[in-house]
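Text of start-v4.pdb (PDB, N, CA and C atoms) as supplied:
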```pdb
MODEL        1
ATOM      1  N   MET J   1       5.625 -12.746 -14.006
ATOM      2  CA  MET J   1       5.105 -12.168 -12.779
ATOM      3  C   MET J   1       5.396 -10.671 -12.782
ATOM      4  N   VAL J   2       4.582  -9.929 -12.088
ATOM      5  CA  VAL J   2       4.713  -8.476 -12.060
ATOM      6  C   VAL J   2       5.978  -8.052 -11.312
ATOM      7  N   ILE J   3       6.240  -8.666 -10.185
ATOM      8  CA  ILE J   3       7.389  -8.294  -9.349
ATOM      9  C   ILE J   3       8.334  -9.490  -9.306
ATOM     10  N   SER J   4       9.590  -9.283  -9.684
ATOM     11  CA  SER J   4      10.489 -10.428  -9.820
ATOM     12  C   SER J   4      11.560 -10.530  -8.738
ATOM     13  N   THR J   5      11.984  -9.423  -8.154
ATOM     14  CA  THR J   5      13.028  -9.499  -7.140
ATOM     15  C   THR J   5      12.554  -8.895  -5.827
ATOM     16  N   PHE J   6      13.235  -9.244  -4.772
ATOM     17  CA  PHE J   6      12.876  -8.747  -3.445
ATOM     18  C   PHE J   6      13.025  -7.231  -3.367
ATOM     19  N   LEU J   7      14.050  -6.698  -3.991
ATOM     20  CA  LEU J   7      14.263  -5.255  -3.975
ATOM     21  C   LEU J   7      13.125  -4.519  -4.675
ATOM     22  N   GLU J   8      12.615  -5.082  -5.749
ATOM     23  CA  GLU J   8      11.457  -4.483  -6.414
ATOM     24  C   GLU J   8      10.243  -4.485  -5.499
ATOM     25  N   VAL J   9      10.062  -5.561  -4.748
ATOM     26  CA  VAL J   9       8.950  -5.640  -3.799
ATOM     27  C   VAL J   9       9.072  -4.525  -2.770
ATOM     28  N   VAL J  10      10.259  -4.306  -2.260
ATOM     29  CA  VAL J  10      10.477  -3.259  -1.267
ATOM     30  C   VAL J  10      10.180  -1.882  -1.862
ATOM     31  N   TYR J  11      10.674  -1.619  -3.052
ATOM     32  CA  TYR J  11      10.428  -0.322  -3.695
ATOM     33  C   TYR J  11       8.949  -0.090  -3.970
ATOM     34  N   VAL J  12       8.291  -1.109  -4.489
ATOM     35  CA  VAL J  12       6.857  -0.981  -4.785
ATOM     36  C   VAL J  12       6.077  -0.774  -3.498
ATOM     37  N   PHE J  13       6.410  -1.524  -2.453
ATOM     38  CA  PHE J  13       5.728  -1.384  -1.164
ATOM     39  C   PHE J  13       5.918   0.019  -0.597
ATOM     40  N   LEU J  14       7.138   0.509  -0.612
ATOM     41  CA  LEU J  14       7.401   1.850  -0.072
ATOM     42  C   LEU J  14       6.701   2.937  -0.888
ATOM     43  N   PHE J  15       6.693   2.804  -2.201
ATOM     44  CA  PHE J  15       6.017   3.784  -3.049
ATOM     45  C   PHE J  15       4.538   3.860  -2.710
ATOM     46  N   TRP J  16       3.860   2.698  -2.695
ATOM     47  CA  TRP J  16       2.420   2.700  -2.423
ATOM     48  C   TRP J  16       2.115   3.091  -0.984
ATOM     49  N   TRP J  17       3.000   2.724  -0.040
ATOM     50  CA  TRP J  17       2.783   3.084   1.357
ATOM     51  C   TRP J  17       2.820   4.604   1.519
ATOM     52  N   VAL J  18       3.814   5.243   0.917
ATOM     53  CA  VAL J  18       3.905   6.704   0.988
ATOM     54  C   VAL J  18       2.703   7.352   0.314
ATOM     55  N   LEU J  19       2.297   6.838  -0.823
ATOM     56  CA  LEU J  19       1.141   7.386  -1.525
ATOM     57  C   LEU J  19      -0.130   7.254  -0.682
ATOM     58  N   PHE J  20      -0.382   6.066  -0.126
ATOM     59  CA  PHE J  20      -1.553   5.875   0.729
ATOM     60  C   PHE J  20      -1.467   6.745   1.979
ATOM     61  N   LEU J  21      -0.275   6.893   2.543
ATOM     62  CA  LEU J  21      -0.116   7.708   3.748
ATOM     63  C   LEU J  21      -0.433   9.172   3.465
ATOM     64  N   ILE J  22       0.051   9.680   2.350
ATOM     65  CA  ILE J  22      -0.233  11.082   1.997
ATOM     66  C   ILE J  22      -1.729  11.282   1.818
ATOM     67  N   PHE J  23      -2.366  10.396   1.053
ATOM     68  CA  PHE J  23      -3.812  10.524   0.853
ATOM     69  C   PHE J  23      -4.573  10.409   2.168
ATOM     70  N   HIS J  24      -4.159   9.492   3.013
ATOM     71  CA  HIS J  24      -4.850   9.308   4.286
ATOM     72  C   HIS J  24      -4.706  10.537   5.187
ATOM     73  N   ARG J  25      -3.503  11.081   5.247
ATOM     74  CA  ARG J  25      -3.283  12.254   6.106
ATOM     75  C   ARG J  25      -4.018  13.481   5.581
ATOM     76  N   VAL J  26      -4.074  13.642   4.273
ATOM     77  CA  VAL J  26      -4.735  14.809   3.695
ATOM     78  C   VAL J  26      -6.249  14.695   3.807
ATOM     79  N   LEU J  27      -6.790  13.514   3.526
ATOM     80  CA  LEU J  27      -8.239  13.355   3.475
ATOM     81  C   LEU J  27      -8.898  13.133   4.830
ATOM     82  N   HIS J  28      -8.148  12.759   5.846
ATOM     83  CA  HIS J  28      -8.749  12.452   7.143
ATOM     84  C   HIS J  28      -8.336  13.451   8.218
ATOM     85  N   ARG J  29      -8.360  14.688   7.889
ATOM     86  CA  ARG J  29      -8.092  15.712   8.901
ATOM     87  C   ARG J  29      -9.381  15.968   9.661
ATOM     88  N   SER J  30      -9.340  15.837  10.941
ATOM     89  CA  SER J  30     -10.528  16.046  11.762
ATOM     90  C   SER J  30     -10.099  16.579  13.125
ATOM     91  N   PRO J  31     -11.041  17.048  13.914
ATOM     92  CA  PRO J  31     -10.689  17.558  15.241
ATOM     93  C   PRO J  31     -10.180  16.471  16.187
ATOM     94  N   LYS J  32     -10.495  15.206  15.875
ATOM     95  CA  LYS J  32     -10.033  14.116  16.728
ATOM     96  C   LYS J  32      -8.513  13.955  16.596
ATOM     97  N   VAL J  33      -7.947  13.360  17.616
ATOM     98  CA  VAL J  33      -6.511  13.080  17.571
ATOM     99  C   VAL J  33      -6.264  11.989  16.536
ATOM    100  N   ASN J  34      -5.411  12.297  15.587
ATOM    101  CA  ASN J  34      -5.084  11.362  14.518
ATOM    102  C   ASN J  34      -3.583  11.099  14.588
ATOM    103  N   THR J  35      -3.217  10.005  15.216
ATOM    104  CA  THR J  35      -1.808   9.756  15.483
ATOM    105  C   THR J  35      -1.091   9.192  14.261
ATOM    106  N   TRP J  36       0.190   9.474  14.203
ATOM    107  CA  TRP J  36       1.023   8.945  13.118
ATOM    108  C   TRP J  36       1.128   7.434  13.208
ATOM    109  N   LYS J  37       1.185   6.910  14.439
ATOM    110  CA  LYS J  37       1.326   5.467  14.624
ATOM    111  C   LYS J  37       0.141   4.731  13.999
ATOM    112  N   LYS J  38      -1.069   5.229  14.247
ATOM    113  CA  LYS J  38      -2.268   4.611  13.680
ATOM    114  C   LYS J  38      -2.262   4.724  12.157
ATOM    115  N   ASP J  39      -1.899   5.882  11.653
ATOM    116  CA  ASP J  39      -1.882   6.086  10.206
ATOM    117  C   ASP J  39      -0.836   5.213   9.516
ATOM    118  N   LEU J  40       0.336   5.082  10.111
ATOM    119  CA  LEU J  40       1.374   4.230   9.527
ATOM    120  C   LEU J  40       0.937   2.773   9.499
ATOM    121  N   LEU J  41       0.325   2.308  10.577
ATOM    122  CA  LEU J  41      -0.143   0.937  10.635
ATOM    123  C   LEU J  41      -1.265   0.693   9.629
ATOM    124  N   LEU J  42      -2.224   1.579   9.587
ATOM    125  CA  LEU J  42      -3.360   1.421   8.682
ATOM    126  C   LEU J  42      -2.925   1.450   7.219
ATOM    127  N   THR J  43      -2.114   2.408   6.845
ATOM    128  CA  THR J  43      -1.683   2.493   5.448
ATOM    129  C   THR J  43      -0.726   1.356   5.088
ATOM    130  N   GLY J  44       0.049   0.881   6.045
ATOM    131  CA  GLY J  44       0.909  -0.280   5.790
ATOM    132  C   GLY J  44       0.091  -1.523   5.500
ATOM    133  N   LEU J  45      -0.981  -1.717   6.259
ATOM    134  CA  LEU J  45      -1.871  -2.849   6.011
ATOM    135  C   LEU J  45      -2.596  -2.699   4.674
ATOM    136  N   GLN J  46      -3.027  -1.492   4.345
ATOM    137  CA  GLN J  46      -3.665  -1.250   3.053
ATOM    138  C   GLN J  46      -2.714  -1.565   1.907
ATOM    139  N   THR J  47      -1.470  -1.166   2.055
ATOM    140  CA  THR J  47      -0.474  -1.414   1.016
ATOM    141  C   THR J  47      -0.219  -2.907   0.854
ATOM    142  N   ALA J  48      -0.038  -3.609   1.961
ATOM    143  CA  ALA J  48       0.219  -5.049   1.893
ATOM    144  C   ALA J  48      -0.959  -5.765   1.236
ATOM    145  N   PHE J  49      -2.175  -5.427   1.629
ATOM    146  CA  PHE J  49      -3.359  -6.051   1.036
ATOM    147  C   PHE J  49      -3.446  -5.738  -0.458
ATOM    148  N   SER J  50      -3.182  -4.501  -0.819
ATOM    149  CA  SER J  50      -3.251  -4.105  -2.231
ATOM    150  C   SER J  50      -2.234  -4.855  -3.067
ATOM    151  N   LEU J  51      -1.023  -5.029  -2.558
ATOM    152  CA  LEU J  51       0.000  -5.741  -3.310
ATOM    153  C   LEU J  51      -0.330  -7.218  -3.453
ATOM    154  N   VAL J  52      -0.886  -7.825  -2.409
ATOM    155  CA  VAL J  52      -1.282  -9.232  -2.494
ATOM    156  C   VAL J  52      -2.370  -9.400  -3.549
ATOM    157  N   VAL J  53      -3.353  -8.512  -3.553
ATOM    158  CA  VAL J  53      -4.421  -8.577  -4.553
ATOM    159  C   VAL J  53      -3.849  -8.353  -5.948
ATOM    160  N   LEU J  54      -2.964  -7.380  -6.104
ATOM    161  CA  LEU J  54      -2.357  -7.107  -7.406
ATOM    162  C   LEU J  54      -1.590  -8.318  -7.930
ATOM    163  N   ILE J  55      -0.822  -8.961  -7.083
ATOM    164  CA  ILE J  55      -0.047 -10.136  -7.489
ATOM    165  C   ILE J  55      -0.981 -11.290  -7.842
ATOM    166  N   ALA J  56      -2.032 -11.491  -7.055
ATOM    167  CA  ALA J  56      -2.982 -12.567  -7.338
ATOM    168  C   ALA J  56      -3.704 -12.329  -8.660
ATOM    169  N   VAL J  57      -4.140 -11.101  -8.895
ATOM    170  CA  VAL J  57      -4.824 -10.782 -10.148
ATOM    171  C   VAL J  57      -3.883 -10.957 -11.330
ATOM    172  N   SER J  58      -2.656 -10.491 -11.205
ATOM    173  CA  SER J  58      -1.717 -10.636 -12.329
ATOM    174  C   SER J  58      -1.380 -12.107 -12.581
ATOM    175  N   PHE J  59      -1.360 -12.916 -11.527
ATOM    176  CA  PHE J  59      -1.088 -14.348 -11.695
ATOM    177  C   PHE J  59      -2.218 -15.009 -12.486
ATOM    178  N   PHE J  60      -3.464 -14.757 -12.079
ATOM    179  CA  PHE J  60      -4.587 -15.376 -12.758
ATOM    180  C   PHE J  60      -4.828 -14.763 -14.138
ATOM    181  N   TRP J  61      -4.541 -13.493 -14.283
ATOM    182  CA  TRP J  61      -4.707 -12.832 -15.584
ATOM    183  C   TRP J  61      -3.708 -13.408 -16.598
ATOM    184  N   GLY J  62      -2.509 -13.687 -16.142
ATOM    185  CA  GLY J  62      -1.469 -14.207 -17.024
ATOM    186  C   GLY J  62      -1.675 -15.655 -17.450
ATOM    187  N   ARG J  63      -2.545 -16.378 -16.778
ATOM    188  CA  ARG J  63      -2.789 -17.769 -17.114
ATOM    189  C   ARG J  63      -3.678 -17.921 -18.338
ATOM    190  N   HIS J  64      -4.391 -16.879 -18.719
ATOM    191  CA  HIS J  64      -5.328 -16.967 -19.844
ATOM    192  C   HIS J  64      -4.718 -16.436 -21.099
TER
ENDMDL
END
```
Kindly present the structure from the file in structure tokens form.
Amino acid sequence: MVISTFLEVVYVFLFWWVLFLIFHRVLHRSPKVNTWKKDLLLTGLQTAFSLVVLIAVSFFWGRH
């Protein structure tokens, strides 16, 4: 499996969350109010979804 311990999951999640947050904040600058709360929630969900997909793909990829 790609991720073996809980601590690795936390590190990987935090790394991708920060990366997605930076990209989101830089690329979505607009005159509208863009709150940190919305950005943290959105990028957190993106990170969780991405990790689930990554784990699922690595699971099925490793079976062949």
Item to check | Residue neighbourhood range 4-9 of chain J, 12 Å, only C-alpha atoms, exclusion window fewer than 3 positions, as an NGL selection string | outcome: :J and (1 or 12-17 or 47-48 or 51-52 or 54-55)
Item to check | Best match for closeness to Gln46 in chain J among J:Leu27, J:Leu19, J:Val33, J:Gly62, counting only C-alpha atoms | outcome: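 Checking each candidate against Gln46 in chain J, we get J:Leu19 as the closest.
Taking CA of Leu21 in chain J as the reference point, CA of Thr43 in chain J is found at 5.7 Å.
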Axis-aligned box over every listed atom of range 44-48 of chain J, padded by 4 Å per side: centre and edges in Å to one decimal, as AutoDock Vina command-line options?
```
--center_x -1.4 --center_y -2.4 --center_z 3.6 --size_x 12.6 --size_y 14.6 --size_z 13.4
```
Next on the checklist: Would you compute the distance between CA of Val10 in chain J and atom C of Ser58 in chain J? Give it in Å to one decimal.
Outcome noted: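 Computing it gives 18.6 Å between the two atoms.
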Next on the checklist: Between CA of Asp39 in chain J and CA of Val53 in chain J, what distance in Å does the model show, to one decimal?
Outcome noted: 21.0 Å
Reconstructed range 8-31 of chain J, atom set N, CA, C and O atoms, as a short mmCIF file (atom, residue, chain, number, x, y, z; two decimals), in the frame of the given file:
```cif
data_model
loop_
_atom_site.label_atom_id
_atom_site.label_comp_id
_atom_site.auth_asym_id
_atom_site.auth_seq_id
_atom_site.Cartn_x
_atom_site.Cartn_y
_atom_site.Cartn_z
N GLU J 8 12.62 -5.08 -5.75
CA GLU J 8 11.46 -4.48 -6.41
C GLU J 8 10.24 -4.49 -5.50
O GLU J 8 9.47 -3.53 -5.48
N VAL J 9 10.06 -5.56 -4.75
CA VAL J 9 8.95 -5.64 -3.80
C VAL J 9 9.07 -4.53 -2.77
O VAL J 9 8.09 -3.85 -2.45
N VAL J 10 10.26 -4.31 -2.26
CA VAL J 10 10.48 -3.26 -1.27
C VAL J 10 10.18 -1.88 -1.86
O VAL J 10 9.49 -1.06 -1.24
N TYR J 11 10.67 -1.62 -3.05
CA TYR J 11 10.43 -0.32 -3.70
C TYR J 11 8.95 -0.09 -3.97
O TYR J 11 8.42 0.99 -3.73
N VAL J 12 8.29 -1.11 -4.49
CA VAL J 12 6.86 -0.98 -4.78
C VAL J 12 6.08 -0.77 -3.50
O VAL J 12 5.19 0.07 -3.43
N PHE J 13 6.41 -1.52 -2.45
CA PHE J 13 5.73 -1.38 -1.16
C PHE J 13 5.92 0.02 -0.60
O PHE J 13 4.95 0.66 -0.16
N LEU J 14 7.14 0.51 -0.61
CA LEU J 14 7.40 1.85 -0.07
C LEU J 14 6.70 2.94 -0.89
O LEU J 14 6.16 3.89 -0.32
N PHE J 15 6.69 2.80 -2.20
CA PHE J 15 6.02 3.78 -3.05
C PHE J 15 4.54 3.86 -2.71
O PHE J 15 3.99 4.94 -2.48
N TRP J 16 3.86 2.70 -2.70
CA TRP J 16 2.42 2.70 -2.42
C TRP J 16 2.12 3.09 -0.98
O TRP J 16 1.11 3.74 -0.71
N TRP J 17 3.00 2.72 -0.04
CA TRP J 17 2.78 3.08 1.36
C TRP J 17 2.82 4.60 1.52
O TRP J 17 1.97 5.20 2.16
N VAL J 18 3.81 5.24 0.92
CA VAL J 18 3.90 6.70 0.99
C VAL J 18 2.70 7.35 0.31
O VAL J 18 2.13 8.31 0.84
N LEU J 19 2.30 6.84 -0.82
CA LEU J 19 1.14 7.39 -1.52
C LEU J 19 -0.13 7.25 -0.68
O LEU J 19 -0.88 8.23 -0.51
N PHE J 20 -0.38 6.07 -0.13
CA PHE J 20 -1.55 5.88 0.73
C PHE J 20 -1.47 6.74 1.98
O PHE J 20 -2.48 7.28 2.44
N LEU J 21 -0.28 6.89 2.54
CA LEU J 21 -0.12 7.71 3.75
C LEU J 21 -0.43 9.17 3.46
O LEU J 21 -1.12 9.82 4.25
N ILE J 22 0.05 9.68 2.35
CA ILE J 22 -0.23 11.08 2.00
C ILE J 22 -1.73 11.28 1.82
O ILE J 22 -2.30 12.22 2.37
N PHE J 23 -2.37 10.40 1.05
CA PHE J 23 -3.81 10.52 0.85
C PHE J 23 -4.57 10.41 2.17
O PHE J 23 -5.52 11.14 2.41
N HIS J 24 -4.16 9.49 3.01
CA HIS J 24 -4.85 9.31 4.29
C HIS J 24 -4.71 10.54 5.19
O HIS J 24 -5.67 10.98 5.80
N ARG J 25 -3.50 11.08 5.25
CA ARG J 25 -3.28 12.25 6.11
C ARG J 25 -4.02 13.48 5.58
O ARG J 25 -4.53 14.28 6.36
N VAL J 26 -4.07 13.64 4.27
CA VAL J 26 -4.74 14.81 3.70
C VAL J 26 -6.25 14.70 3.81
O VAL J 26 -6.93 15.66 4.15
N LEU J 27 -6.79 13.51 3.53
CA LEU J 27 -8.24 13.36 3.48
C LEU J 27 -8.90 13.13 4.83
O LEU J 27 -10.10 13.31 4.95
N HIS J 28 -8.15 12.76 5.85
CA HIS J 28 -8.75 12.45 7.14
C HIS J 28 -8.34 13.45 8.22
O HIS J 28 -8.02 13.06 9.34
N ARG J 29 -8.36 14.69 7.89
CA ARG J 29 -8.09 15.71 8.90
C ARG J 29 -9.38 15.97 9.66
O ARG J 29 -10.40 16.27 9.08
N SER J 30 -9.34 15.84 10.94
CA SER J 30 -10.53 16.05 11.76
C SER J 30 -10.10 16.58 13.12
O SER J 30 -8.92 16.54 13.47
N PRO J 31 -11.04 17.05 13.91
CA PRO J 31 -10.69 17.56 15.24
C PRO J 31 -10.18 16.47 16.19
O PRO J 31 -9.52 16.76 17.17
#
```
